[in-house]
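Next up, target_16.txt (compact mmCIF, C-alpha atoms):
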# COMPACT_ATOMS: atom_id res chain seq x y z
CA MET A 1 114.25 -57.80 46.45
CA ARG A 2 111.75 -55.75 44.46
CA LEU A 3 110.45 -56.90 41.10
CA SER A 4 108.35 -54.89 38.69
CA ARG A 5 105.87 -56.56 36.35
CA ASP A 6 108.37 -56.27 33.49
CA GLN A 7 111.02 -58.00 35.57
CA ILE A 8 108.55 -60.75 36.55
CA ASP A 9 107.69 -61.35 32.89
CA GLN A 10 111.39 -61.67 32.06
CA LEU A 11 112.10 -64.28 34.73
CA ASP A 12 113.06 -67.81 33.75
CA LYS A 13 109.82 -69.79 33.31
CA HIS A 14 110.44 -72.27 36.15
CA TYR A 15 111.68 -69.55 38.51
CA ARG A 16 108.57 -67.49 37.81
CA THR A 17 106.26 -70.46 38.30
CA HIS A 18 107.70 -71.26 41.74
CA PHE A 19 107.88 -67.61 42.76
CA ILE A 20 104.38 -66.55 41.70
CA ASN A 21 102.79 -69.73 43.08
CA ALA A 22 104.21 -68.85 46.51
CA ILE A 23 103.71 -65.10 46.82
CA THR A 24 100.04 -65.26 47.79
CA GLY A 25 100.96 -67.21 50.96
CA PHE A 26 99.93 -70.61 52.25
CA LYS A 27 97.32 -72.69 50.44
CA SER A 28 94.96 -75.42 51.54
CA ALA A 29 96.18 -79.00 51.03
CA ASN A 30 93.51 -81.31 49.67
CA LEU A 31 93.11 -84.35 47.50
CA VAL A 32 90.07 -84.24 45.25
CA GLY A 33 88.49 -87.64 44.61
CA THR A 34 86.28 -88.30 41.60
CA VAL A 35 84.99 -91.10 39.42
CA SER A 36 84.35 -90.98 35.68
CA ALA A 37 81.03 -91.81 34.06
CA SER A 38 82.56 -95.17 33.07
CA GLY A 39 83.62 -95.93 36.65
CA HIS A 40 87.35 -95.03 36.72
CA THR A 41 88.38 -93.39 40.00
CA ASN A 42 90.74 -90.41 40.02
CA LEU A 43 92.65 -88.57 42.71
CA ALA A 44 94.51 -85.25 42.43
CA VAL A 45 96.25 -82.75 44.73
CA ILE A 46 94.48 -79.43 44.73
CA SER A 47 95.83 -76.34 46.50
CA SER A 48 93.28 -73.78 45.34
CA VAL A 49 90.25 -74.71 47.45
CA VAL A 50 88.87 -71.54 48.99
CA HIS A 51 85.95 -70.89 51.35
CA VAL A 52 83.04 -69.07 49.67
CA GLY A 53 80.30 -69.15 52.30
CA ALA A 54 78.97 -70.97 55.35
CA HIS A 55 75.20 -70.82 54.76
CA PRO A 56 74.78 -72.47 52.36
CA PRO A 57 78.18 -74.18 52.85
CA LEU A 58 80.09 -73.43 49.63
CA ASN A 59 83.67 -73.55 48.46
CA ALA A 60 85.44 -73.09 45.16
CA MET A 61 88.60 -74.25 43.39
CA VAL A 62 90.54 -73.26 40.29
CA PHE A 63 91.38 -75.71 37.51
CA ARG A 64 93.62 -75.46 34.48
CA PRO A 65 91.53 -77.47 32.01
CA HIS A 66 94.52 -78.46 29.89
CA SER A 67 96.70 -79.63 32.78
CA VAL A 68 97.08 -82.99 34.51
CA SER A 69 93.89 -82.20 36.48
CA ARG A 70 91.67 -82.17 33.39
CA ASP A 71 90.30 -85.64 34.22
CA THR A 72 89.16 -84.39 37.61
CA LEU A 73 87.29 -81.47 36.08
CA GLU A 74 85.66 -83.70 33.48
CA ASN A 75 84.58 -86.19 36.14
CA ILE A 76 83.04 -83.45 38.29
CA LEU A 77 81.07 -82.08 35.36
CA ALA A 78 80.02 -85.59 34.30
CA THR A 79 78.95 -86.95 37.69
CA GLY A 80 78.17 -83.84 39.75
CA HIS A 81 80.05 -85.05 42.82
CA TYR A 82 83.55 -85.03 44.28
CA SER A 83 85.33 -85.41 47.60
CA LEU A 84 87.88 -83.19 49.33
CA ASN A 85 90.33 -84.91 51.67
CA HIS A 86 92.83 -83.03 53.86
CA ILE A 87 96.45 -84.04 53.34
CA HIS A 88 98.36 -84.86 56.55
CA GLY A 89 102.03 -85.66 57.12
CA GLY A 90 101.54 -89.43 57.08
CA MET A 91 100.25 -89.42 53.51
CA VAL A 92 102.09 -86.48 51.96
CA ALA A 93 104.43 -88.39 49.63
CA LYS A 94 101.61 -90.49 48.18
CA ALA A 95 99.38 -87.42 47.95
CA HIS A 96 102.00 -85.48 45.98
CA GLN A 97 102.56 -88.47 43.70
CA THR A 98 98.94 -88.16 42.45
CA SER A 99 100.12 -85.09 40.51
CA ALA A 100 102.11 -87.33 38.12
CA ARG A 101 100.66 -87.62 34.64
CA TYR A 102 99.16 -91.12 34.81
CA PRO A 103 97.18 -92.48 31.86
CA ARG A 104 93.49 -91.65 32.07
CA GLU A 105 92.43 -95.24 32.71
CA GLN A 106 94.90 -95.71 35.59
CA SER A 107 93.50 -94.76 39.01
CA GLU A 108 95.79 -92.58 41.14
CA PHE A 109 94.46 -94.54 44.13
CA ALA A 110 95.99 -97.76 42.84
CA ALA A 111 99.07 -96.06 41.41
CA THR A 112 100.03 -94.31 44.65
CA GLY A 113 98.73 -96.84 47.16
CA LEU A 114 96.22 -94.51 48.80
CA GLY A 115 93.07 -96.33 49.90
CA GLU A 116 89.75 -95.82 48.16
CA ALA A 117 86.91 -95.35 50.65
CA TRP A 118 83.20 -95.05 49.94
CA ILE A 119 80.90 -93.46 52.53
CA GLY A 120 77.31 -94.67 52.45
CA ASP A 121 75.90 -94.12 48.97
CA PHE A 122 77.91 -90.96 48.30
CA PRO A 123 78.81 -91.19 44.59
CA ALA A 124 82.48 -90.12 44.76
CA PRO A 125 85.46 -91.90 46.35
CA PHE A 126 87.16 -90.61 49.52
CA VAL A 127 90.74 -91.20 50.69
CA ALA A 128 90.84 -93.90 53.37
CA GLU A 129 93.90 -92.37 55.09
CA ALA A 130 92.48 -88.84 55.35
CA ARG A 131 91.11 -87.65 58.70
CA ILE A 132 88.99 -84.74 57.45
CA ARG A 133 86.83 -85.52 54.43
CA ILE A 134 84.13 -83.56 52.66
CA GLY A 135 81.54 -84.85 50.21
CA MET A 136 80.84 -82.13 47.65
CA GLY A 137 78.05 -81.50 45.18
CA TYR A 138 78.88 -79.54 42.03
CA ARG A 139 76.88 -76.32 41.68
CA GLU A 140 78.36 -74.23 38.88
CA HIS A 141 81.54 -73.27 37.08
CA ARG A 142 82.88 -70.13 35.48
CA HIS A 143 85.37 -69.98 32.68
CA LEU A 144 87.99 -67.34 33.49
CA ALA A 145 88.94 -66.23 29.99
CA ILE A 146 91.75 -64.08 31.37
CA ASN A 147 94.00 -67.16 31.54
CA ASP A 148 91.75 -70.01 30.42
CA THR A 149 91.13 -71.46 33.87
CA VAL A 150 87.87 -72.70 35.39
CA LEU A 151 86.42 -71.83 38.77
CA VAL A 152 84.30 -74.70 40.13
CA ILE A 153 81.84 -73.92 42.92
CA GLY A 154 80.42 -76.71 45.02
CA GLU A 155 78.32 -77.22 48.11
CA VAL A 156 79.15 -79.31 51.13
CA LEU A 157 76.89 -82.37 51.35
CA LEU A 158 78.72 -84.40 54.00
CA VAL A 159 81.61 -83.81 56.42
CA GLU A 160 83.66 -86.23 58.46
CA VAL A 161 86.11 -85.03 61.13
CA PRO A 162 87.74 -86.77 64.11
CA ASP A 163 85.71 -86.14 67.29
CA ASP A 164 88.76 -84.88 69.17
CA CYS A 165 89.40 -82.17 66.55
CA VAL A 166 86.07 -80.32 67.02
CA ALA A 167 85.52 -77.86 69.89
CA ALA A 168 82.12 -77.16 71.43
CA THR A 169 82.19 -73.82 69.57
CA GLY A 170 82.55 -75.45 66.14
CA HIS A 171 86.27 -74.57 65.89
CA LEU A 172 88.34 -77.23 64.15
CA ASP A 173 91.77 -78.15 65.50
CA LEU A 174 93.62 -78.53 62.20
CA ASP A 175 96.98 -78.91 63.99
CA ARG A 176 95.69 -81.97 65.83
CA ALA A 177 94.22 -83.35 62.60
CA GLY A 178 97.70 -82.98 61.08
CA THR A 179 96.32 -80.98 58.15
CA LEU A 180 99.20 -79.48 56.16
CA ALA A 181 99.50 -76.16 54.35
CA ILE A 182 101.01 -75.90 50.86
CA ASN A 183 103.69 -73.42 49.81
CA GLY A 184 104.02 -72.95 46.07
CA LEU A 185 104.04 -76.10 43.95
CA ASP A 186 105.93 -78.54 46.12
CA GLY A 187 106.25 -77.38 49.74
CA TYR A 188 104.20 -79.08 52.46
CA HIS A 189 104.19 -77.43 55.89
CA GLU A 190 103.15 -78.48 59.38
CA THR A 191 101.43 -75.87 61.53
CA ARG A 192 101.20 -74.76 65.14
CA GLN A 193 98.56 -72.35 66.43
CA LEU A 194 100.14 -69.04 67.38
CA ALA A 195 96.97 -67.26 68.45
CA ARG A 196 93.23 -67.36 68.32
CA LEU A 197 91.82 -63.85 68.50
CA ALA A 198 88.42 -62.65 69.68
CA TYR A 199 85.94 -61.10 67.27
CA ALA A 200 87.35 -57.59 66.70
CA LYS A 201 85.44 -54.48 67.77
CA PRO A 202 86.45 -50.86 67.18
CA ASP A 203 86.39 -49.89 70.86
CA ARG A 204 88.26 -52.91 72.21
CA GLU A 205 91.92 -53.92 72.14
CA PRO A 206 92.81 -57.18 70.35
CA ARG A 207 92.28 -60.07 72.76
CA ALA A 208 93.54 -63.67 72.61
CA LEU A 209 91.03 -66.46 73.21
CA MET B 1 81.91 -87.13 63.70
CA ARG B 2 79.92 -87.31 60.48
CA LEU B 3 77.46 -84.59 59.51
CA SER B 4 75.00 -84.68 56.63
CA ARG B 5 73.93 -81.54 54.85
CA ASP B 6 70.67 -81.50 56.85
CA GLN B 7 72.63 -81.68 60.09
CA ILE B 8 74.95 -78.88 58.94
CA ASP B 9 71.97 -76.67 58.12
CA GLN B 10 70.53 -77.30 61.59
CA LEU B 11 73.72 -76.33 63.45
CA ASP B 12 73.78 -73.24 65.64
CA LYS B 13 74.72 -70.29 63.38
CA HIS B 14 78.02 -69.47 65.11
CA TYR B 15 79.02 -73.11 65.37
CA ARG B 16 78.32 -73.58 61.66
CA THR B 17 80.26 -70.45 60.70
CA HIS B 18 83.39 -71.57 62.58
CA PHE B 19 83.08 -75.16 61.40
CA ILE B 20 82.47 -74.50 57.70
CA ASN B 21 85.13 -71.76 57.56
CA ALA B 22 87.69 -74.32 58.75
CA ILE B 23 86.83 -77.51 56.87
CA THR B 24 88.56 -76.50 53.62
CA GLY B 25 91.93 -76.36 55.43
CA PHE B 26 94.46 -73.58 55.89
CA LYS B 27 94.03 -70.24 54.17
CA SER B 28 96.44 -67.51 53.13
CA ALA B 29 96.90 -64.65 55.60
CA ASN B 30 96.97 -61.25 53.95
CA LEU B 31 96.07 -57.66 54.61
CA VAL B 32 94.60 -55.88 51.61
CA GLY B 33 95.47 -52.17 51.45
CA THR B 34 93.38 -49.72 49.44
CA VAL B 35 92.58 -46.04 49.18
CA SER B 36 89.22 -44.48 48.32
CA ALA B 37 88.70 -42.04 45.46
CA SER B 38 88.59 -39.30 48.11
CA GLY B 39 91.92 -40.38 49.61
CA HIS B 40 90.92 -42.39 52.71
CA THR B 41 93.17 -45.41 53.23
CA ASN B 42 91.71 -48.77 54.26
CA LEU B 43 93.17 -52.04 55.48
CA ALA B 44 91.42 -55.40 55.90
CA VAL B 45 92.33 -59.00 56.70
CA ILE B 46 91.58 -61.28 53.78
CA SER B 47 91.90 -65.08 53.95
CA SER B 48 90.54 -65.98 50.53
CA VAL B 49 93.41 -64.99 48.23
CA VAL B 50 94.07 -67.85 45.85
CA HIS B 51 96.62 -68.36 43.08
CA VAL B 52 95.08 -68.31 39.58
CA GLY B 53 98.09 -68.34 37.28
CA ALA B 54 101.78 -67.49 36.95
CA HIS B 55 101.97 -66.17 33.40
CA PRO B 56 100.39 -63.67 33.48
CA PRO B 57 100.70 -63.52 37.30
CA LEU B 58 97.10 -63.56 38.55
CA ASN B 59 95.32 -64.18 41.80
CA ALA B 60 91.76 -63.90 43.04
CA MET B 61 89.87 -63.27 46.27
CA VAL B 62 86.28 -63.57 47.46
CA PHE B 63 84.37 -60.66 49.01
CA ARG B 64 81.04 -60.48 50.77
CA PRO B 65 79.88 -57.09 49.46
CA HIS B 66 77.62 -56.39 52.44
CA SER B 67 80.21 -57.23 55.09
CA VAL B 68 82.84 -55.15 56.86
CA SER B 69 85.07 -55.53 53.75
CA ARG B 70 82.67 -53.62 51.46
CA ASP B 71 84.88 -50.48 51.60
CA THR B 72 87.81 -52.51 50.31
CA LEU B 73 85.83 -53.80 47.36
CA GLU B 74 84.51 -50.33 46.54
CA ASN B 75 88.01 -48.86 46.70
CA ILE B 76 89.40 -51.52 44.37
CA LEU B 77 86.65 -50.94 41.83
CA ALA B 78 87.06 -47.14 42.13
CA THR B 79 90.87 -46.92 41.92
CA GLY B 80 91.88 -50.14 40.13
CA HIS B 81 94.71 -50.91 42.54
CA TYR B 82 95.33 -52.66 45.86
CA SER B 83 98.13 -54.20 47.86
CA LEU B 84 98.47 -57.64 49.47
CA ASN B 85 100.67 -57.87 52.55
CA HIS B 86 101.54 -61.17 54.26
CA ILE B 87 100.64 -61.29 57.95
CA HIS B 88 103.48 -62.47 60.24
CA GLY B 89 103.51 -63.22 63.97
CA GLY B 90 104.81 -59.79 64.96
CA MET B 91 101.80 -58.00 63.53
CA VAL B 92 99.01 -60.54 64.00
CA ALA B 93 97.02 -58.77 66.73
CA LYS B 94 96.97 -55.47 64.84
CA ALA B 95 96.20 -57.27 61.59
CA HIS B 96 93.19 -59.07 63.12
CA GLN B 97 91.98 -55.79 64.63
CA THR B 98 91.48 -54.38 61.10
CA SER B 99 88.44 -56.67 60.87
CA ALA B 100 86.57 -54.48 63.41
CA ARG B 101 83.75 -52.41 61.95
CA TYR B 102 85.39 -48.97 61.94
CA PRO B 103 83.55 -45.98 60.44
CA ARG B 104 84.21 -45.57 56.74
CA GLU B 105 86.23 -42.37 57.17
CA GLN B 106 88.53 -43.89 59.82
CA SER B 107 91.64 -45.56 58.41
CA GLU B 108 92.40 -49.02 59.83
CA PHE B 109 96.09 -48.07 59.55
CA ALA B 110 95.66 -45.28 62.13
CA ALA B 111 93.13 -47.23 64.20
CA THR B 112 95.33 -50.31 64.63
CA GLY B 113 98.76 -48.65 64.59
CA LEU B 114 100.01 -50.47 61.49
CA GLY B 115 102.28 -48.27 59.37
CA GLU B 116 101.19 -46.94 55.98
CA ALA B 117 103.93 -47.35 53.36
CA TRP B 118 103.95 -46.11 49.78
CA ILE B 119 106.27 -47.73 47.22
CA GLY B 120 107.34 -45.46 44.38
CA ASP B 121 104.26 -44.10 42.65
CA PHE B 122 102.16 -47.23 43.24
CA PRO B 123 98.64 -45.91 43.89
CA ALA B 124 97.67 -48.11 46.88
CA PRO B 125 99.12 -48.19 50.40
CA PHE B 126 101.25 -51.08 51.68
CA VAL B 127 101.77 -52.22 55.29
CA ALA B 128 105.12 -50.96 56.60
CA GLU B 129 105.57 -53.96 58.95
CA ALA B 130 104.92 -56.63 56.28
CA ARG B 131 107.88 -58.48 54.79
CA ILE B 132 106.22 -59.80 51.64
CA ARG B 133 104.14 -57.26 49.75
CA ILE B 134 102.43 -57.36 46.38
CA GLY B 135 101.14 -54.42 44.33
CA MET B 136 98.03 -55.54 42.47
CA GLY B 137 96.11 -54.21 39.49
CA TYR B 138 92.39 -54.97 39.29
CA ARG B 139 91.42 -56.92 36.17
CA GLU B 140 87.83 -58.14 36.53
CA HIS B 141 85.21 -59.32 38.95
CA ARG B 142 82.41 -61.86 38.88
CA HIS B 143 79.27 -61.74 40.93
CA LEU B 144 78.60 -65.19 42.36
CA ALA B 145 74.81 -65.11 42.58
CA ILE B 146 74.78 -68.43 44.41
CA ASN B 147 75.48 -66.60 47.70
CA ASP B 148 75.87 -62.96 46.66
CA THR B 149 79.65 -62.84 46.88
CA VAL B 150 82.14 -61.27 44.47
CA LEU B 151 85.27 -62.84 43.02
CA VAL B 152 87.91 -60.20 42.28
CA ILE B 153 90.72 -61.13 39.89
CA GLY B 154 93.89 -59.05 39.81
CA GLU B 155 97.33 -59.11 38.28
CA VAL B 156 100.64 -58.77 40.06
CA LEU B 157 102.34 -55.47 39.17
CA LEU B 158 105.04 -55.36 41.82
CA VAL B 159 106.49 -57.76 44.41
CA GLU B 160 108.74 -57.14 47.38
CA VAL B 161 110.29 -60.03 49.35
CA PRO B 162 113.28 -60.21 51.73
CA ASP B 163 116.41 -61.31 49.83
CA ASP B 164 117.09 -64.14 52.28
CA CYS B 165 113.64 -65.67 51.63
CA VAL B 166 114.14 -66.33 47.90
CA ALA B 167 116.07 -69.36 46.63
CA ALA B 168 117.95 -69.43 43.34
CA THR B 169 115.13 -71.61 41.99
CA GLY B 170 112.45 -69.01 42.71
CA HIS B 171 111.15 -70.90 45.76
CA LEU B 172 109.99 -68.63 48.59
CA ASP B 173 110.84 -69.51 52.20
CA LEU B 174 107.55 -68.52 53.81
CA ASP B 175 108.61 -70.00 57.17
CA ARG B 176 111.59 -67.65 57.29
CA ALA B 177 109.40 -64.72 56.26
CA GLY B 178 107.14 -65.61 59.21
CA THR B 179 104.08 -65.75 56.98
CA LEU B 180 101.15 -67.22 58.91
CA ALA B 181 98.32 -69.49 57.79
CA ILE B 182 94.71 -68.86 58.83
CA ASN B 183 92.37 -71.48 60.27
CA GLY B 184 88.69 -70.55 60.14
CA LEU B 185 87.79 -67.03 61.24
CA ASP B 186 90.22 -66.40 64.06
CA GLY B 187 93.08 -68.90 64.15
CA TYR B 188 96.57 -67.82 63.11
CA HIS B 189 99.18 -70.55 62.69
CA GLU B 190 102.95 -70.64 62.38
CA THR B 191 104.42 -73.14 59.94
CA ARG B 192 107.42 -75.41 59.52
CA GLN B 193 108.35 -77.10 56.27
CA LEU B 194 107.80 -80.85 56.51
CA ALA B 195 108.85 -81.74 52.97
CA ARG B 196 109.53 -80.36 49.57
CA LEU B 197 108.83 -82.97 46.92
CA ALA B 198 110.23 -83.33 43.41
CA TYR B 199 108.00 -82.91 40.36
CA ALA B 200 106.02 -86.16 40.28
CA LYS B 201 106.36 -88.63 37.39
CA PRO B 202 104.38 -91.87 36.87
CA ASP B 203 107.47 -94.10 36.69
CA ARG B 204 109.32 -92.63 39.66
CA GLU B 205 108.86 -92.96 43.43
CA PRO B 206 108.11 -89.76 45.38
CA ARG B 207 111.41 -88.03 46.18
CA ALA B 208 112.19 -85.29 48.71
CA LEU B 209 114.20 -82.29 47.53
Rewrite the structure of this file - the entire thing - as structure tokens.
Amino acid sequence: MRLSRDQIDQLDKHYRTHFINAITGFKSANLVGTVSASGHTNLAVISSVVHVGAHPPLNAMVFRPHSVSRDTLENILATGHYSLNHIHGGMVAKAHQTSARYPREQSEFAATGLGEAWIGDFPAPFVAEARIRIGMGYREHRHLAINDTVLVIGEVLLVEVPDDCVAATGHLDLDRAGTLAINGLDGYHETRQLARLAYAKPDREPRAL
Amino acid sequence: MRLSRDQIDQLDKHYRTHFINAITGFKSANLVGTVSASGHTNLAVISSVVHVGAHPPLNAMVFRPHSVSRDTLENILATGHYSLNHIHGGMVAKAHQTSARYPREQSEFAATGLGEAWIGDFPAPFVAEARIRIGMGYREHRHLAINDTVLVIGEVLLVEVPDDCVAATGHLDLDRAGTLAINGLDGYHETRQLARLAYAKPDREPRAL
């Protein structure tokens, strides 16, 4: 099936939303935990977290400021901190349920039954059930006028991973951690490592590690 | 294992690179195809493509302008077009090999043996072996001074997907297409759908589709 831009623009709205959300491939599966200035906790699925750099450790995510995730964005800008928590199979239904449009004063932790965890004095809530958790500090945001979205860039301040998921090389075993991948708006996928490939060099054939 | 920011900064450089590249979760697995103003084709693995919006259909990706992908960025800015091609298991070794530092005038298509495909009069090359392919038009870029990277935003101009991978609802079956997910710098993972979940509402329990 081949679609031109004109044909894409003429698609039924829901069809187009599912289709375009999936064509870029798999997305990271995280819950972002925040707290408002007045102390209300908030939890939201986010599939747009993307690696930006390792030194300093930075990542970014895209928000639609007028969507259900507007509270999350406001909390990040108000408090300067947030958590990222990998979604695994054992918590996927509750994680997805955080995307329902709850009233602002209702915490998605309480509403979905996911546990609120605080690590040391880090000022944002983590998900108790998650195995890989990152404490993030807000650095900057950019308004993308092209479609009225906001790119939020943050730095990693704290990381927690299960000991048996980290190799001596620093590689993370995301399969073992049960971390899922997201397809489109509503698909959650398990993974299995097919290959790990050596650093590529022009004069060498591809080589599995 | 819990690491503070100080401990992360003190990690061995290679350890930190692998670790931080993996902690955000799975990434999309694409090859970006471009051609230079002088007609040299180029192909590069990119794991940072992220959905930005469906209407208009937009996505973004992060480049390190001084890395091996600098030719790709230059080509996009020079010609205004590029292709995104999902990486599947049958092409993963050749796809990874495009990340080797080939001389500028050597095409990664020829060097790795991946086929160069042209669709209609679209002005960027696609990967013949790929099953899901997107023709992209450059829209804008933002320099992220925080770590000297560049965010490139483009719009979808053309999409090609196998007929048997598209549902009547617009959902894409990425498992069937064999689309992989990337873990860190060198891990390629197969996927299997665990659940597809209905649009979440506050007064309704999570429900599988």
Could you list as number ranges by chain every residue that has an atom within 9 Å of (91.7, -57.1, 39.0), using the file's coordinates and counting all atoms listed in the file? B: 58-60, 76-77, 80-82, 136-141, 152-155
If we count all atoms listed in the file and set the cut-off at 9 Å, which residues sit around Asp71 (chain B), ignoring sequence neighbours fewer than 6 positions away in its own chain? Please answer as a list in words. Thr34, Ser36, Asn42, Pro65 and Arg104 of chain B
Which of these, B:His88, B:His40, B:His189, B:Arg101, has the shortest distance to Ala124 (chain B) once you count all atoms listed in the file? B:His40
Point out the residue among A:Leu3, A:Ala93, A:Leu172, A:Leu197 with the least atom-to-atom distance to His18 (chain B), counting all atoms listed in the file.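 Checking each candidate against His18 (chain B), we get A:Leu172 as the closest.
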Tell me which protein, DNA and RNA residues are within 9 Å of Ala128 (chain B), counting only C-alpha atoms, leaving out same-chain ones fewer than 6 positions away, and put them as a list in words.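 My reading of the contact set: Leu114, Gly115, Glu116, Ala117 and Trp118 of chain B.
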Enter the distance from CA of Tyr102 (chain A) to CA of Phe26 (chain B), in Å, rounded to one decimal.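 Taking CA of Tyr102 (chain A) as the start and CA of Phe26 (chain B) as the end point, the length is 27.8 Å.
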My list of candidates is A:Ala208, A:Ile20, A:Ile182, A:Ala200. Which is closest to Val68 (chain B) when distances are computed with all atoms listed in the file?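 Looking only at the distances to Val68 (chain B), the closest residue turns out to be A:Ala200.
Residues with any atom within 6 Å of the point (83.0, -82.4, 59.7), counting only C-alpha atoms, are Val159, Glu160 and Val161 of chain A; Arg2 and Leu3 of chain B.
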May I have the selected residues written with C-alpha atoms, as an mmCIF file, keeping the file's coordinate frame?
data_model
loop_
_atom_site.group_PDB
_atom_site.id
_atom_site.type_symbol
_atom_site.label_atom_id
_atom_site.label_comp_id
_atom_site.auth_asym_id
_atom_site.auth_seq_id
_atom_site.Cartn_x
_atom_site.Cartn_y
_atom_site.Cartn_z
ATOM 1 C CA VAL A 159 81.610 -83.810 56.420
ATOM 2 C CA GLU A 160 83.660 -86.230 58.460
ATOM 3 C CA VAL A 161 86.110 -85.030 61.130
ATOM 4 C CA ARG B 2 79.920 -87.310 60.480
ATOM 5 C CA LEU B 3 77.460 -84.590 59.510
#
How many Å lie between CA of Ala181 (chain A) and CA of Lys27 (chain A), rounded to one decimal?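 Straight-line distance from CA of Ala181 (chain A) to CA of Lys27 (chain A) works out to 5.7 Å.
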Work out how far apart CA of Asn85 (chain B) and CA of Glu108 (chain B) are and give it in Å to one decimal. 14.1 Å
Pick from B:Thr72, B:Ser107, B:Ser67, B:Thr179, whichever lies nearest to chain A using only C-alpha atoms: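 Using only C-alpha atoms, the shortest distance to chain A belongs to B:Thr179.
Contact shell of Lys13 (chain B) at 10 Å (all atoms listed in the file; same-chain neighbours under 5 positions omitted): Ala54, His55 and Gly170 of chain A; Ile8, His18 and Phe19 of chain B.
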Listed atoms of region 121-124 of chain B, axis-aligned box, 6 Å per side: centre and edge lengths to one decimal in Å, as AutoDock Vina command-line options?
--center_x 101.0 --center_y -46.1 --center_z 44.8 --size_x 18.6 --size_y 16.0 --size_z 16.2
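Using all atoms listed in the file for every distance, the candidate list B:Ala78, B:Cys165, B:Ala22, B:Ala95 yields B:Ala95 as the residue closest to Leu180 (chain B).
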Non-local contacts of region 144-150 of chain B (6 Å; all atoms listed in the file; under 4 positions in same chain excluded) as a PyMOL selection string: chain B and resi 62-64
